[in-house]
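my_file29.txt (compact mmCIF, C-alpha atoms)
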# COMPACT_ATOMS: atom_id res chain seq x y z
CA MET F 1 0.00 0.00 0.00
CA LYS F 2 1.14 3.51 -0.77
CA LYS F 3 2.34 5.43 2.26
CA ILE F 4 0.04 8.11 3.62
CA ARG F 5 1.91 11.24 4.64
CA LEU F 6 0.12 13.41 7.18
CA MET F 7 1.44 16.73 8.40
CA GLU F 8 0.79 17.93 11.92
CA VAL F 9 0.81 21.65 11.35
CA CYS F 10 0.97 22.76 14.98
CA GLY F 11 4.03 22.67 17.23
CA THR F 12 1.88 21.74 20.21
CA HIS F 13 0.77 18.65 18.26
CA THR F 14 4.40 17.85 17.42
CA MET F 15 5.21 17.89 21.12
CA ALA F 16 2.14 15.87 22.12
CA ILE F 17 2.86 13.23 19.46
CA ALA F 18 6.50 12.91 20.48
CA ARG F 19 5.61 12.77 24.15
CA SER F 20 3.02 10.04 23.72
CA GLY F 21 5.29 7.82 21.63
CA LEU F 22 2.31 7.51 19.32
CA LYS F 23 4.38 7.37 16.14
CA ARG F 24 5.84 4.01 17.06
CA LEU F 25 2.37 2.54 17.45
CA LEU F 26 1.07 3.59 14.06
CA PRO F 27 0.97 1.19 11.10
CA ASP F 28 4.05 1.52 8.89
CA GLU F 29 1.95 2.94 6.06
CA ILE F 30 1.26 6.11 8.01
CA GLU F 31 3.98 8.69 8.15
CA LEU F 32 3.65 11.79 10.33
CA ILE F 33 5.66 14.84 9.41
CA SER F 34 5.98 18.08 11.34
CA GLY F 35 4.89 21.34 9.79
CA PRO F 36 5.52 25.07 10.11
CA GLY F 37 3.40 25.64 13.23
CA CYS F 38 6.14 26.41 15.72
CA PRO F 39 6.18 30.23 15.74
CA VAL F 40 9.64 30.53 17.24
CA CYS F 41 11.04 28.13 14.61
CA VAL F 42 9.69 29.99 11.58
CA THR F 43 10.80 33.42 12.82
CA PRO F 44 13.71 34.39 10.56
CA GLN F 45 17.14 35.25 11.84
CA GLU F 46 16.74 38.93 10.89
CA ALA F 47 13.75 39.28 13.20
CA ILE F 48 15.76 37.92 16.11
CA ASP F 49 18.65 40.22 15.23
CA ARG F 50 16.27 43.21 15.13
CA GLY F 51 14.93 42.30 18.58
CA MET F 52 18.48 41.99 19.90
CA LYS F 53 19.41 45.40 18.53
CA LEU F 54 16.34 47.03 20.06
CA ALA F 55 16.96 45.34 23.40
CA GLY F 56 20.45 46.83 23.41
CA ILE F 57 19.19 50.42 23.12
CA SER F 58 19.60 52.35 26.36
CA GLY F 59 16.31 52.85 28.22
CA VAL F 60 14.50 49.99 26.49
CA ILE F 61 12.81 47.19 28.38
CA MET F 62 12.38 44.23 26.03
CA THR F 63 9.61 41.78 26.81
CA THR F 64 8.77 38.54 25.06
CA PHE F 65 7.55 34.98 25.57
CA GLY F 66 9.92 32.55 27.27
CA ASP F 67 10.70 30.52 24.18
CA MET F 68 12.12 33.50 22.33
CA ILE F 69 14.90 34.52 24.63
CA ARG F 70 17.21 31.59 23.97
CA VAL F 71 16.92 31.61 20.17
CA PRO F 72 20.35 32.35 18.73
CA GLY F 73 20.56 35.39 16.47
CA SER F 74 23.66 36.23 14.46
CA GLY F 75 25.46 37.37 17.59
CA GLY F 76 24.12 35.39 20.52
CA SER F 77 20.63 35.33 22.02
CA LEU F 78 18.51 37.77 24.05
CA ASP F 79 19.47 35.68 27.05
CA ASP F 80 23.16 36.35 26.34
CA ILE F 81 22.75 40.12 26.20
CA LYS F 82 20.56 39.97 29.30
CA LYS F 83 23.57 38.60 31.13
CA ASP F 84 25.48 41.64 29.86
CA GLY F 85 22.93 43.98 31.43
CA ALA F 86 20.14 44.47 28.86
CA ASP F 87 16.71 44.68 30.52
CA ILE F 88 14.87 41.70 29.06
CA ARG F 89 11.79 40.27 30.75
CA VAL F 90 9.79 37.15 30.02
CA VAL F 91 6.05 37.73 30.09
CA TYR F 92 3.11 35.34 30.05
CA SER F 93 0.80 37.78 28.30
CA CYS F 94 1.17 40.85 26.11
CA LEU F 95 -0.92 42.65 28.75
CA ASP F 96 1.89 42.06 31.27
CA ALA F 97 4.18 44.05 28.96
CA LEU F 98 1.63 46.87 28.92
CA ASP F 99 1.54 46.86 32.73
CA ILE F 100 5.34 47.09 32.81
CA ALA F 101 5.15 50.11 30.48
CA GLU F 102 2.60 51.78 32.72
CA ARG F 103 4.78 51.26 35.79
CA ASN F 104 7.92 52.54 34.00
CA PRO F 105 6.86 55.75 32.22
CA SER F 106 10.43 56.92 31.65
CA ARG F 107 11.34 53.71 29.79
CA LYS F 108 10.32 52.41 26.37
CA VAL F 109 8.78 48.97 26.68
CA VAL F 110 8.82 46.73 23.63
CA PHE F 111 6.86 43.49 23.30
CA MET F 112 8.47 41.20 20.75
CA GLY F 113 5.50 39.19 19.54
CA VAL F 114 5.54 35.88 17.73
CA GLY F 115 2.68 33.53 17.07
CA PHE F 116 -0.23 32.68 14.86
CA GLU F 117 -3.93 33.47 14.93
CA THR F 118 -4.26 32.14 18.49
CA THR F 119 -1.89 34.77 19.83
CA SER F 120 -2.13 37.78 17.51
CA PRO F 121 -5.65 38.81 18.65
CA THR F 122 -4.33 39.08 22.23
CA ALA F 123 -1.66 41.52 21.02
CA ALA F 124 -4.26 43.47 19.03
CA ALA F 125 -6.50 43.74 22.11
CA THR F 126 -3.49 44.93 24.12
CA VAL F 127 -2.81 47.71 21.59
CA LEU F 128 -6.44 48.85 21.94
CA GLU F 129 -6.04 48.73 25.71
CA ALA F 130 -2.81 50.78 25.51
CA LYS F 131 -4.66 53.38 23.49
CA ARG F 132 -7.54 53.42 25.97
CA ARG F 133 -5.16 53.80 28.93
CA LYS F 134 -3.13 56.40 26.99
CA VAL F 135 0.15 54.55 27.48
CA ASP F 136 2.62 56.08 25.03
CA ASN F 137 5.78 54.14 25.93
CA PHE F 138 4.52 50.71 24.82
CA PHE F 139 5.53 49.24 21.47
CA ILE F 140 4.94 46.01 19.59
CA LEU F 141 7.66 44.44 17.50
CA SER F 142 5.39 42.29 15.39
CA ASN F 143 6.62 38.99 14.02
CA PHE F 144 3.10 37.60 14.01
CA LYS F 145 2.23 35.30 11.16
CA VAL F 146 -0.86 33.91 9.46
CA ILE F 147 -0.83 30.14 9.09
CA PHE F 148 -2.91 29.67 5.92
CA PRO F 149 -0.46 31.18 3.38
CA ALA F 150 2.22 28.82 4.76
CA LEU F 151 -0.11 25.84 4.36
CA GLU F 152 -0.69 26.96 0.78
CA ALA F 153 3.06 27.07 0.19
CA ILE F 154 3.47 23.55 1.57
CA ALA F 155 0.53 22.19 -0.40
CA ARG F 156 1.99 23.66 -3.60
CA SER F 157 5.49 22.35 -2.89
CA LYS F 158 6.43 19.11 -4.57
CA LYS F 159 8.93 18.31 -1.84
CA ALA F 160 6.81 17.74 1.24
CA ARG F 161 4.20 15.54 -0.56
CA VAL F 162 1.54 15.85 2.11
CA ASP F 163 -1.64 13.78 1.69
CA GLY F 164 -3.61 15.36 4.53
CA PHE F 165 -3.31 17.91 7.30
CA ILE F 166 -3.76 17.49 11.05
CA CYS F 167 -4.90 21.06 11.67
CA PRO F 168 -4.21 23.17 14.75
CA GLY F 169 -6.95 23.13 17.37
CA HIS F 170 -6.38 26.47 19.03
CA VAL F 171 -5.66 28.50 15.90
CA SER F 172 -9.01 27.15 14.74
CA VAL F 173 -10.81 28.35 17.89
CA ILE F 174 -10.18 31.80 16.38
CA THR F 175 -10.35 31.12 12.63
CA GLY F 176 -13.13 28.51 12.59
CA SER F 177 -13.16 25.86 9.89
CA VAL F 178 -14.23 28.00 6.93
CA PRO F 179 -10.70 28.99 5.77
CA TYR F 180 -9.72 25.30 5.71
CA GLU F 181 -12.64 24.52 3.43
CA ARG F 182 -11.30 26.89 0.79
CA PHE F 183 -7.80 25.47 1.23
CA ALA F 184 -8.86 21.81 1.11
CA GLU F 185 -11.01 22.36 -1.96
CA LYS F 186 -8.26 24.25 -3.81
CA HIS F 187 -5.48 21.74 -3.13
CA LYS F 188 -7.60 18.59 -2.92
CA LYS F 189 -6.19 17.76 0.51
CA PRO F 190 -8.34 16.72 3.46
CA CYS F 191 -8.02 18.55 6.77
CA VAL F 192 -9.03 17.49 10.27
CA ILE F 193 -9.02 20.10 13.04
CA THR F 194 -7.67 18.15 15.96
CA GLY F 195 -7.50 18.50 19.75
CA PHE F 196 -4.40 17.88 21.84
CA GLY F 197 -5.06 14.74 23.84
CA ASP F 198 -3.57 11.44 22.70
CA ASP F 199 -7.06 10.17 21.90
CA ASP F 200 -7.86 13.36 19.97
CA ILE F 201 -4.73 12.96 17.87
CA LEU F 202 -5.37 9.27 17.17
CA ASP F 203 -8.92 10.11 16.17
CA GLY F 204 -7.64 12.91 13.89
CA ILE F 205 -5.26 10.49 12.18
CA ARG F 206 -8.01 7.89 11.78
CA ARG F 207 -10.36 10.44 10.22
CA LEU F 208 -7.65 11.66 7.85
CA VAL F 209 -6.73 8.16 6.72
CA VAL F 210 -10.37 7.48 5.85
CA LEU F 211 -10.58 10.76 3.93
CA VAL F 212 -7.29 10.21 2.09
CA ARG F 213 -8.21 6.62 1.13
CA SER F 214 -11.58 7.71 -0.20
CA GLY F 215 -10.03 10.57 -2.20
CA SER F 216 -12.01 13.16 -0.26
CA SER F 217 -10.83 16.70 0.28
CA SER F 218 -13.28 17.63 2.98
CA VAL F 219 -12.72 19.32 6.31
CA GLU F 220 -13.76 17.77 9.60
CA ILE F 221 -13.72 19.25 13.09
CA GLY F 222 -12.47 16.57 15.46
CA TYR F 223 -12.03 19.13 18.26
CA ASP F 224 -15.66 20.20 18.24
CA ARG F 225 -15.81 20.82 21.98
CA ALA F 226 -13.84 24.02 21.36
CA VAL F 227 -13.89 24.78 17.63
CA LYS F 228 -16.94 26.18 15.89
CA LYS F 229 -17.34 26.55 12.16
CA ARG F 230 -17.29 30.36 12.32
CA GLY F 231 -14.62 30.63 15.01
CA ASN F 232 -14.27 33.62 17.32
CA ILE F 233 -15.64 36.51 15.28
CA ARG F 234 -14.86 39.18 17.86
CA ALA F 235 -11.20 38.13 18.09
CA ARG F 236 -10.87 38.26 14.30
CA HIS F 237 -12.55 41.65 14.17
CA ILE F 238 -10.12 43.06 16.75
CA LEU F 239 -7.18 41.49 14.92
CA GLU F 240 -8.24 43.00 11.61
CA SER F 241 -8.85 46.41 13.12
CA VAL F 242 -5.29 46.68 14.48
CA PHE F 243 -3.12 44.65 12.07
CA ARG F 244 -2.78 44.46 8.30
CA THR F 245 -1.29 41.59 6.33
CA VAL F 246 2.09 42.02 4.65
CA ASP F 247 4.45 39.76 2.74
CA SER F 248 6.62 38.01 5.27
CA GLU F 249 9.78 35.94 5.47
CA TRP F 250 9.57 32.45 7.02
CA ARG F 251 12.55 30.45 8.04
CA GLY F 252 12.75 27.57 5.61
CA LEU F 253 9.84 28.64 3.45
CA GLY F 254 11.16 32.00 2.26
CA LYS F 255 8.97 35.00 1.56
CA ILE F 256 5.25 34.24 1.52
CA LYS F 257 2.66 36.72 0.29
CA LYS F 258 0.34 38.26 2.87
CA SER F 259 1.55 35.91 5.58
CA GLY F 260 2.76 38.43 8.16
CA LEU F 261 1.02 40.97 10.38
CA LYS F 262 2.12 44.56 10.94
CA LEU F 263 0.32 47.35 12.77
CA LYS F 264 -2.04 49.49 10.71
CA ASN F 265 -1.09 53.12 10.16
CA GLU F 266 -3.60 54.39 12.71
CA TYR F 267 -1.69 52.42 15.37
CA ALA F 268 1.77 53.38 14.07
CA SER F 269 2.63 55.09 17.37
CA PHE F 270 2.71 51.60 18.95
CA ASP F 271 4.87 50.11 16.20
CA GLY F 272 8.32 49.21 17.53
CA GLU F 273 9.77 48.99 14.03
CA LYS F 274 8.73 52.57 13.27
CA GLU F 275 9.75 53.91 16.67
CA PHE F 276 13.30 52.56 16.57
CA LYS F 277 14.07 52.12 12.86
CA VAL F 278 17.04 49.81 13.37
CA LYS F 279 18.67 48.33 10.29
CA VAL F 280 19.75 44.71 10.35
CA PRO F 281 21.84 43.09 7.65
CA ARG F 282 20.50 39.98 5.97
CA SER F 283 21.88 37.13 7.97
CA LEU F 284 22.71 33.56 7.18
CA LEU F 285 21.43 30.45 8.89
CA PRO F 286 23.88 28.81 11.27
CA GLU F 287 26.15 26.55 9.27
CA GLY F 288 24.94 22.97 8.99
CA CYS F 289 21.51 23.72 10.57
CA ALA F 290 18.69 21.95 8.72
CA CYS F 291 15.89 23.78 10.54
CA GLY F 292 14.63 25.23 7.24
CA GLU F 293 14.13 21.79 5.68
CA ILE F 294 12.73 20.34 8.91
CA ILE F 295 10.02 23.03 9.07
CA GLN F 296 8.92 22.11 5.57
CA GLY F 297 8.75 18.40 6.37
CA ILE F 298 11.51 17.60 3.86
CA LEU F 299 14.04 16.34 6.40
CA SER F 300 13.59 14.76 9.80
CA PRO F 301 15.80 15.95 12.69
CA ARG F 302 17.83 12.74 12.59
CA GLU F 303 18.87 13.63 9.06
CA CYS F 304 20.53 16.83 10.30
CA ARG F 305 24.22 16.28 10.93
CA LEU F 306 24.19 18.59 13.97
CA PHE F 307 21.28 16.83 15.73
CA GLY F 308 22.32 15.63 19.18
CA LYS F 309 25.97 16.37 18.40
CA GLY F 310 26.69 20.08 17.91
CA CYS F 311 23.05 20.95 18.63
CA THR F 312 21.21 19.99 21.83
CA PRO F 313 18.52 21.75 23.93
CA ARG F 314 21.27 22.95 26.27
CA LYS F 315 23.33 24.37 23.45
CA PRO F 316 20.95 24.84 20.54
CA VAL F 317 22.19 25.91 17.12
CA GLY F 318 18.81 26.47 15.46
CA PRO F 319 15.35 27.47 16.66
CA CYS F 320 13.85 24.00 16.11
CA MET F 321 16.00 22.86 19.04
CA VAL F 322 15.33 25.95 21.19
CA SER F 323 11.57 26.09 21.25
CA SER F 324 9.96 23.61 23.61
CA GLU F 325 7.71 22.65 20.73
CA GLY F 326 10.35 22.66 18.01
CA THR F 327 10.56 19.40 16.08
CA CYS F 328 14.21 18.85 17.03
CA ALA F 329 13.56 19.55 20.72
CA ALA F 330 10.64 17.11 20.66
CA TYR F 331 12.74 14.42 18.98
CA TYR F 332 15.62 15.00 21.33
CA LYS F 333 13.53 14.97 24.49
CA TYR F 334 11.42 11.96 23.66
CA GLY F 335 13.89 10.02 21.50
CA ARG F 336 11.63 9.24 18.58
CA ARG F 337 12.87 6.28 16.63
CA LYS F 338 10.73 6.82 13.58
CA MET Z 1 2.96 27.98 21.76
CA CYS Z 2 -0.67 27.93 20.76
CA LEU Z 3 -1.46 26.08 23.92
CA ALA Z 4 -4.71 27.04 25.60
CA VAL Z 5 -5.89 25.72 28.92
CA PRO Z 6 -9.52 25.42 30.05
CA ALA Z 7 -10.59 27.21 33.20
CA ARG Z 8 -13.85 27.95 34.99
CA VAL Z 9 -15.05 31.54 35.32
CA GLU Z 10 -15.41 32.42 39.00
CA SER Z 11 -16.23 36.11 38.90
CA LEU Z 12 -16.54 38.86 36.33
CA GLY Z 13 -15.24 42.42 36.20
CA LYS Z 14 -15.27 45.03 33.46
CA GLY Z 15 -13.37 43.38 30.61
CA TYR Z 16 -11.76 40.77 32.84
CA ALA Z 17 -12.57 37.68 34.87
CA TYR Z 18 -11.11 35.64 37.66
CA VAL Z 19 -10.86 32.00 36.59
CA ASP Z 20 -9.97 28.76 38.28
CA PHE Z 21 -7.52 26.36 36.63
CA GLY Z 22 -8.19 23.33 38.82
CA GLY Z 23 -7.13 25.13 42.01
CA VAL Z 24 -5.05 27.99 40.64
CA ARG Z 25 -6.89 31.32 40.52
CA LYS Z 26 -5.91 33.88 37.93
CA LYS Z 27 -7.13 37.15 36.45
CA ILE Z 28 -7.60 36.96 32.70
CA SER Z 29 -8.76 39.37 30.03
CA LEU Z 30 -12.09 39.07 28.23
CA GLY Z 31 -10.83 41.46 25.55
CA VAL Z 32 -11.31 39.08 22.63
CA LEU Z 33 -14.35 37.01 23.68
CA ASN Z 34 -18.00 38.01 23.87
CA GLY Z 35 -20.73 36.74 26.15
CA VAL Z 36 -18.75 35.15 28.98
CA LYS Z 37 -20.83 34.36 32.08
CA LYS Z 38 -19.99 33.23 35.60
CA GLY Z 39 -19.64 29.43 35.66
CA ASP Z 40 -18.67 29.21 31.95
CA HIS Z 41 -15.63 27.20 30.97
CA VAL Z 42 -13.22 29.10 28.74
CA LEU Z 43 -9.96 28.31 26.97
CA VAL Z 44 -7.20 30.61 28.18
CA HIS Z 45 -4.22 31.54 26.03
CA ALA Z 46 -1.57 34.11 27.00
CA GLY Z 47 -3.80 35.68 29.62
CA PHE Z 48 -6.91 35.95 27.44
CA ALA Z 49 -10.07 33.88 27.16
CA ILE Z 50 -10.14 32.91 23.47
CA GLY Z 51 -13.14 30.58 23.29
CA LYS Z 52 -15.78 28.80 25.31
CA VAL Z 53 -15.96 25.07 25.95
CA GLY Z 54 -18.88 23.11 27.40
CA ARG Z 55 -18.69 22.07 31.06
CA ALA Z 56 -18.42 18.31 30.54
CA GLU Z 57 -16.08 18.82 27.62
CA ALA Z 58 -13.93 21.19 29.64
CA GLU Z 59 -13.58 18.60 32.35
CA ASP Z 60 -12.56 16.06 29.71
CA THR Z 61 -10.06 18.50 28.30
CA LEU Z 62 -8.68 19.34 31.72
CA LYS Z 63 -8.14 15.65 32.30
CA VAL Z 64 -6.44 15.14 28.95
CA LEU Z 65 -4.38 18.28 29.30
CA GLN Z 66 -3.13 17.03 32.63
CA ASP Z 67 -0.81 14.91 30.49
CA LEU Z 68 0.54 18.04 28.89
CA LYS Z 69 1.49 19.69 32.18
CA ASP Z 70 5.18 19.62 31.31
CA ALA Z 71 4.55 21.33 28.01
CA VAL Z 72 2.45 24.01 29.72
CA ARG Z 73 5.23 24.79 32.16
CA GLU Z 74 7.84 25.01 29.46
CA ASP Z 75 5.77 26.96 27.02
CA LEU Z 76 5.46 30.50 28.25
Will you turn the file into structure tokens for me?
Amino acid sequence: MKKIRLMEVCGTHTMAIARSGLKRLLPDEIELISGPGCPVCVTPQEAIDRGMKLAGISGVIMTTFGDMIRVPGSGGSLDDIKKDGADIRVVYSCLDALDIAERNPSRKVVFMGVGFETTSPTAAATVLEAKRRKVDNFFILSNFKVIFPALEAIARSKKARVDGFICPGHVSVITGSVPYERFAEKHKKPCVITGFGDDDILDGIRRLVVLVRSGSSSVEIGYDRAVKKRGNIRARHILESVFRTVDSEWRGLGKIKKSGLKLKNEYASFDGEKEFKVKVPRSLLPEGCACGEIIQGILSPRECRLFGKGCTPRKPVGPCMVSSEGTCAAYYKYGRRK
Amino acid sequence: MCLAVPARVESLGKGYAYVDFGGVRKKISLGVLNGVKKGDHVLVHAGFAIGKVGRAEAEDTLKVLQDLKDAVREDL
């Protein structure tokens, strides 16, 4: 029988699958490959370098999510320059960064945001809140991305050869299932929106196998206790009122049209890129790092010559090893054999 | 990073709520979700309620997500 290749789009799925050891239990005909849904992993080197430069400016307090601070840029990580005295703080929520700004009116507080549709509405709501509270020392450095253009790029690519998509549960809480219907129809690939428990994931795989075998390109919601067809309309409305889509660079996938989010002109006073205008040179990937191919599902971590040798979670070379949900970190931690 | 954890809404304020994550109480924003009521179960991501889940389903999810505790701790 022909192999069925299924892509788990979401990094949280990658981690859950690795943790459960589920891959080893699947029939040999089913191959799971990891997709571009780890936000830290797809953030390009230049974006990290820009964050580092901003964090080094006197008077700036840089805030970001925990996963970001260890990602190596061209010259070390945020964590490294923190040790040298830069004021870098890990926050749980974008709102925490706004609170820091309010408590430190003489400082400029930047929130370096990464994430997909689950996270970007929370940043948009925080910008509206900053405006309401008249906080003028709070800025967003937006590296937010939209997942669908990346899925399009993968579906078009001949290299990844994906038969069906295990789609992200929490992105879909916001987006609903409608955008997947357009995608599935266009590329003739079935999609199942899947929850995060082991049983959810197994059920998602089972549904996809049935759809692939029957030649169907329909969309099913396996995670229907949280995902509705129309998603969270208010969150999308807030997102669209604050951000606009722009062409954006993805690690591994290159530039993808309308796949990034930047602040709209009416919120330009909160835009960290406009406030600081730092220039960063185009930078190269760390030598030997296969993160770009791994994100696209072309290579598996074990096919990278640095994996487990020059590159480990303690001393990561690329972002796929840094992020707790990066494919390499998941493989390393849970020792996947397949 | 797109992890969201279910919690029960304990009390409501203007634009925020106090929720209970199986024993841990936390203030979260209701900035991106309409129509939240006391006693609802919501999914919480990065300090915001992003969607509602049914009571029984939330309890199921809480149970399943128990397995993901490590990932939650590492994530943000």
- Message: Between F:Pro27, F:Val209, F:Gly169, F:Ile256, which residue has the minimum interatomic distance to Asp224 in chain F, considering only C-alpha atoms?
- Response: F:Gly169
- Got a sec to check which residues sit within 8 Å of (5.8, 29.5, 21.6), counting all atoms listed in the file, and write them as JSON, numbers by chain? {"F": [38, 39, 40, 65, 66, 67, 68, 114, 115, 323, 324, 325], "Z": [1, 2, 75, 76]}
- Restrict the distance test to all atoms listed in the file, flag each residue of chain F within 8 Å of chain Z, and return the flagged residues as a ChimeraX atom specification. /F:10-12,15-16,38-39,65-67,91-95,115-116,118-119,121-122,125,170-171,173-174,196-198,225-226,232,234-235,238,324-325
- Item | Shortest interatomic distance to Glu8 in chain F - which of F:Ile201, F:Arg50, F:Ile81, F:Gly76, counting all atoms listed in the file |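 The closest residue to Glu8 in chain F is F:Ile201.
Atom pair CA of Phe165 in chain F / CA of Arg24 in chain F: separated by 19.3 Å.
Between Pro319 in chain F and the candidates F:Val210, F:Glu293, F:Val71, F:Gly56, the tightest atom-to-atom separation, counting only C-alpha atoms, involves F:Val71.
Residues of protein, DNA and RNA with at least one atom no farther than 9 Å from (15.6, 18.4, 15.4) are, using only C-alpha atoms, Ala290, Cys291, Ile294, Ser300, Pro301, Arg302, Glu303, Cys304, Leu306, Phe307, Gly308, Cys311, Thr312, Gly318, Cys320, Met321, Gly326, Thr327, Cys328, Ala329, Ala330, Tyr331 and Tyr332 of chain F.
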- Message: Set the distance at 10 Å and use all atoms listed in the file: which residues neighbour Ala97 in chain F once local chain neighbours fewer than 6 positions away are removed? I'd like the list as a list of chain:residue names.
- Response: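 Residues near the query, excluding close chain neighbours: F:Ile61, F:Met62, F:Thr63, F:Thr64, F:Arg89, F:Val90, F:Val91, F:Arg103, F:Val109, F:Val110, F:Phe111, F:Met112, F:Thr126, F:Phe138, F:Phe139, F:Ile140.
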- Would you mind reading off the distance between CA of Lys315 in chain F and CA of Glu249 in chain F, one decimal, in Å?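 Answer for the CA of Lys315 in chain F to CA of Glu249 in chain F separation: 25.3 Å.
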Might you pull out every residue within 12 Å of Pro72 in chain F, with all atoms listed in the file counted and same-chain residues fewer than 6 positions away left off, and present them as a CSV table (one decimal) with C-alpha atoms, in the frame of the given file?
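Generated file (out_5.csv):
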chain,number,residue,atom,x,y,z
F,40,VAL,CA,9.6,30.5,17.2
F,41,CYS,CA,11.0,28.1,14.6
F,43,THR,CA,10.8,33.4,12.8
F,44,PRO,CA,13.7,34.4,10.6
F,45,GLN,CA,17.1,35.2,11.8
F,46,GLU,CA,16.7,38.9,10.9
F,47,ALA,CA,13.8,39.3,13.2
F,48,ILE,CA,15.8,37.9,16.1
F,49,ASP,CA,18.6,40.2,15.2
F,51,GLY,CA,14.9,42.3,18.6
F,52,MET,CA,18.5,42.0,19.9
F,78,LEU,CA,18.5,37.8,24.0
F,79,ASP,CA,19.5,35.7,27.0
F,80,ASP,CA,23.2,36.4,26.3
F,81,ILE,CA,22.8,40.1,26.2
F,283,SER,CA,21.9,37.1,8.0
F,284,LEU,CA,22.7,33.6,7.2
F,285,LEU,CA,21.4,30.4,8.9
F,286,PRO,CA,23.9,28.8,11.3
F,289,CYS,CA,21.5,23.7,10.6
F,311,CYS,CA,23.0,21.0,18.6
F,313,PRO,CA,18.5,21.8,23.9
F,315,LYS,CA,23.3,24.4,23.4
F,316,PRO,CA,21.0,24.8,20.5
F,317,VAL,CA,22.2,25.9,17.1
F,318,GLY,CA,18.8,26.5,15.5
F,319,PRO,CA,15.4,27.5,16.7
F,320,CYS,CA,13.8,24.0,16.1
F,321,MET,CA,16.0,22.9,19.0
F,322,VAL,CA,15.3,26.0,21.2
F,323,SER,CA,11.6,26.1,21.2
- Message: I'd like to know which of F:Ser157, F:Ser217, F:Ser172, F:Ser248 is closest to Ile233 in chain F, using all atoms listed in the file.
- Response: F:Ser172
- Message: What does the structure give for the distance between CA of Asn143 in chain F and CA of Phe276 in chain F, in Å to one decimal?
- Response: 15.3 Å
Centre, edges in Å (one decimal): axis-aligned box, range 288-302 of chain F, 5 Å padding on all six sides, as lines of an AutoDock Vina configuration file:
center_x = 16.8
center_y = 19.0
center_z = 8.3
size_x = 26.2
size_y = 22.5
size_z = 18.8
So which residues touch Glu275 in chain F within 10 Å, counting only C-alpha atoms, skipping near sequence neighbours fewer than 5 positions away, as a CSV table (one decimal) with C-alpha atoms, keeping the file's coordinate frame?
chain,number,residue,atom,x,y,z
F,108,LYS,CA,10.3,52.4,26.4
F,139,PHE,CA,5.5,49.2,21.5
F,140,ILE,CA,4.9,46.0,19.6
F,141,LEU,CA,7.7,44.4,17.5
F,268,ALA,CA,1.8,53.4,14.1
F,269,SER,CA,2.6,55.1,17.4
F,270,PHE,CA,2.7,51.6,19.0
